[in-house]
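Right, one structure below, let's go through it.
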Amino acid sequence: MARQINCPSCRQSLYLPEMHESDERASEVLCSKCNYKYAVTFVEVLQFHSRVERHSARDPKRAPQYLRVYWLQALTREKAKAVQFSTTGLDHEFSATPGDELALLSVVRKKREDLTAVVNYTTGESCHLFSPRRKARSSGAVTSIITLIGGGLLAWLLQGVPSKVVLVATVPSSIGIGMAVTRSQSFQERDAPIAARLGTEQTLLGRLHSLDERISDLQQELKSNQHLLQRLKKLKQKMSRAGAELYAHRLETTERAIANLEKQSGLIQNLIDGYSKIVEIVEIEYDTSRVAEQLPENVAVKISDRLEEMEALEQQKEELALMVDPAKLLA
């Protein structure tokens with residue numbers, strides 16, 4: 001099972017491993033769109049509370065700013081840790097209770113990690129603290145402006161021809177320095193092998209997520225089919241008791257529906273079993289990648305044949321579904 005959230009940087013779907021299925025203290029995930037890398041730390045809540053702070057603006061005409069500060073005492077796989085984070089505004093309040101399982105998402109750059117999102121695995125709620133991309137661009141823009149102002153002041157002090165040279169050089173320099181700062185603060189993974197491995201892991205987790213959703217849908221469909229099957233069998237018994245000749249045509253239609261429904265239920269169960277096998281394969285490949293820290297070979301080949309088999313069963317199931325229409329009982 002994998003959890004789906006939005007990348008704090010670009011809002012692209014990002015997949016996280018399940019806490020209880022991971023034996024790692026922390027995991028790493030890479031967004032396939034913006035290439036930002038995040039460290040995911042799994043914790044269990046011991047204590048959690050929040051408070052609201054009011055910060056008045058210097059200008060009395062401006063509304064005050066509210067800051068919601070959270071304090072978390074949690075247990076990792078190794079030790080207890082305290083985490084404090086905050087969000088602006090009062091629109092949304094993140095909640096957690098003792099025993100909840102959380103994933104702490106931090107952007108990674110070299111040895112530096114900044115907490116950017118908190119996901120409550122127990123409730124499904126998430127809290128985004130800031131956008132790493134926006135923060136990097138903001139840092140670059142501020143640096144460019146400071147460089148431009150500094151160059152302008154230097155040109156003003158020098159006067160004459162040197163000042164013009166400095167002024168001309170300041171503009172491209174400020175842009176270049178700003179871009180360099182933005183790049184240095186971008187938290188993007190630049191090691192190609194690591195990026196490729198983490199990208200493949202995201203693909204595997206995304207596949208797990210879609211497979212688990214499909215299995216869940218099929219289980220619900222199987223449950224509905226079994227309920228309908230019981231109702232049809234009871235209806236058949238009632239019609240038989242009331243008079244087989246009176247309901248001859250309807251009995252024949254009902255018997256066909258029961259037979260098709262039983263066959264369809266069998267196909268659904270085969271699909272559930274087949275998809276579950278694929279889930280096991282994907283989990284093995286993902287775990288292998290995490291342990292070996294290198295790309296598994298021929299991942300797609302290992303599941304492509306099984307997926308083709310599942311597609312054929314899906315087609316058969318859809319064809320049978322057209323033959324199990326309760327409205328035909330009145331035809």
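Ordered as shown in the structure tokens, chains take letters A, B, and onward, while each chain numbers its residues from 1 and ligands are numbered from 1 in the order shown.
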- Message: I want to know what sits within 10 Å of Val299 (chain A), based on only C-alpha atoms, with residues of the same chain fewer than 4 positions away left out; could you give that as a PyMOL selection string?
- Response: chain A and resi 200+204+281-282+285-286+295+303-304
- Go through A:Asp212, A:Ile278, A:Val107, A:Gln73 one by one, measure the shortest atom-to-atom distance of each to Glu308 (chain A) using only C-alpha atoms, and give the residue with the smallest value.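 Closest to Glu308 (chain A) of all the choices is A:Ile278.
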- Give me the residues within 10 Å of Ala74 (chain A) as a PyMOL selection string, counting only C-alpha atoms and dropping any in the same chain fewer than 3 places off. chain A and resi 42-48+71+79-83+98-102
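The shell of residues at most 7 Å from region 52-56 of chain A, with only C-alpha atoms counted and near chain neighbours (fewer than 6 positions) removed, consists of Pro64, Gln65, Tyr66, Leu67, Arg68 and Val69 of chain A.
Distance annotation: of A:Thr253, A:Ser106, A:Thr76, A:Ser210, the residue with the minimal separation from Leu235 (chain A) is A:Thr253; atom set is only C-alpha atoms.
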- Kindly indicate which residue among A:Ser95, A:Ser216, A:Thr116, A:Ser86 lies nearest to Ser276 (chain A), using only C-alpha atoms for the distances.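 Residue with the minimum atom-to-atom distance to Ser276 (chain A): A:Ser216.
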- Message: Quick one: residues within 12 Å of Glu221 (chain A), only C-alpha atoms, excluding same-chain residues fewer than 3 positions away - as a VMD selection string?
- Response: chain A and resid 214 to 218 224 to 228 261 264 to 269 271 to 272 317 321
Next, the residues of the selection above should be written as a CSV table (one decimal), in the first residue's frame with C-alpha atoms.
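Here's the written file again00.csv:
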```csv
chain,number,residue,atom,x,y,z
A,214,ARG,CA,-8.3,-1.4,-8.0
A,215,ILE,CA,-8.3,-4.3,-5.5
A,216,SER,CA,-10.5,-2.2,-3.2
A,217,ASP,CA,-13.0,-1.4,-6.0
A,218,LEU,CA,-13.1,-5.1,-7.0
A,224,SER,CA,-22.3,-6.1,-4.2
A,225,ASN,CA,-22.5,-9.1,-6.6
A,226,GLN,CA,-22.8,-11.5,-3.8
A,227,HIS,CA,-25.7,-9.5,-2.3
A,228,LEU,CA,-27.4,-9.3,-5.7
A,261,LEU,CA,-23.4,-13.4,-12.0
A,264,GLN,CA,-18.6,-12.8,-13.1
A,265,SER,CA,-18.0,-13.2,-9.3
A,266,GLY,CA,-15.4,-15.9,-10.1
A,267,LEU,CA,-13.7,-13.5,-12.6
A,268,ILE,CA,-13.7,-10.7,-10.0
A,269,GLN,CA,-12.1,-13.1,-7.4
A,271,LEU,CA,-8.8,-10.4,-10.7
A,272,ILE,CA,-8.3,-9.7,-7.0
A,317,LYS,CA,-15.9,-9.2,-16.7
A,321,ALA,CA,-21.7,-7.3,-16.7
```
Env of Leu115 (chain A): 10 Å cut, atoms = only C-alpha atoms, seq-sep filter 3 positions within chain, self excluded. Answer as a PDB file with C-alpha atoms, in the first residue's frame.
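The new file selection_9.pdb reads:
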```
ATOM      1  CA  TYR A  38      12.225  14.597   0.331  1.00  0.00           C
ATOM      2  CA  ALA A  39      13.167  12.651   3.432  1.00  0.00           C
ATOM      3  CA  VAL A  40      10.204  10.886   5.029  1.00  0.00           C
ATOM      4  CA  VAL A  83       9.055  18.811  16.597  1.00  0.00           C
ATOM      5  CA  GLN A  84       7.672  22.324  16.377  1.00  0.00           C
ATOM      6  CA  PHE A  85       6.187  23.822  13.221  1.00  0.00           C
ATOM      7  CA  LEU A 104       7.231  14.038   8.411  1.00  0.00           C
ATOM      8  CA  LEU A 105       8.244  15.242   4.951  1.00  0.00           C
ATOM      9  CA  SER A 106      11.439  17.301   4.728  1.00  0.00           C
ATOM     10  CA  VAL A 107      13.190  18.699   1.671  1.00  0.00           C
ATOM     11  CA  VAL A 108      16.774  17.481   1.405  1.00  0.00           C
ATOM     12  CA  VAL A 118       3.198  16.593   7.842  1.00  0.00           C
ATOM     13  CA  HIS A 128       1.799  21.805   4.013  1.00  0.00           C
ATOM     14  CA  LEU A 129       4.158  24.312   5.614  1.00  0.00           C
ATOM     15  CA  PHE A 130       5.862  25.924   2.619  1.00  0.00           C
ATOM     16  CA  PRO A 132      10.408  24.617  -1.518  1.00  0.00           C
TER      17      PRO A 132
END
```
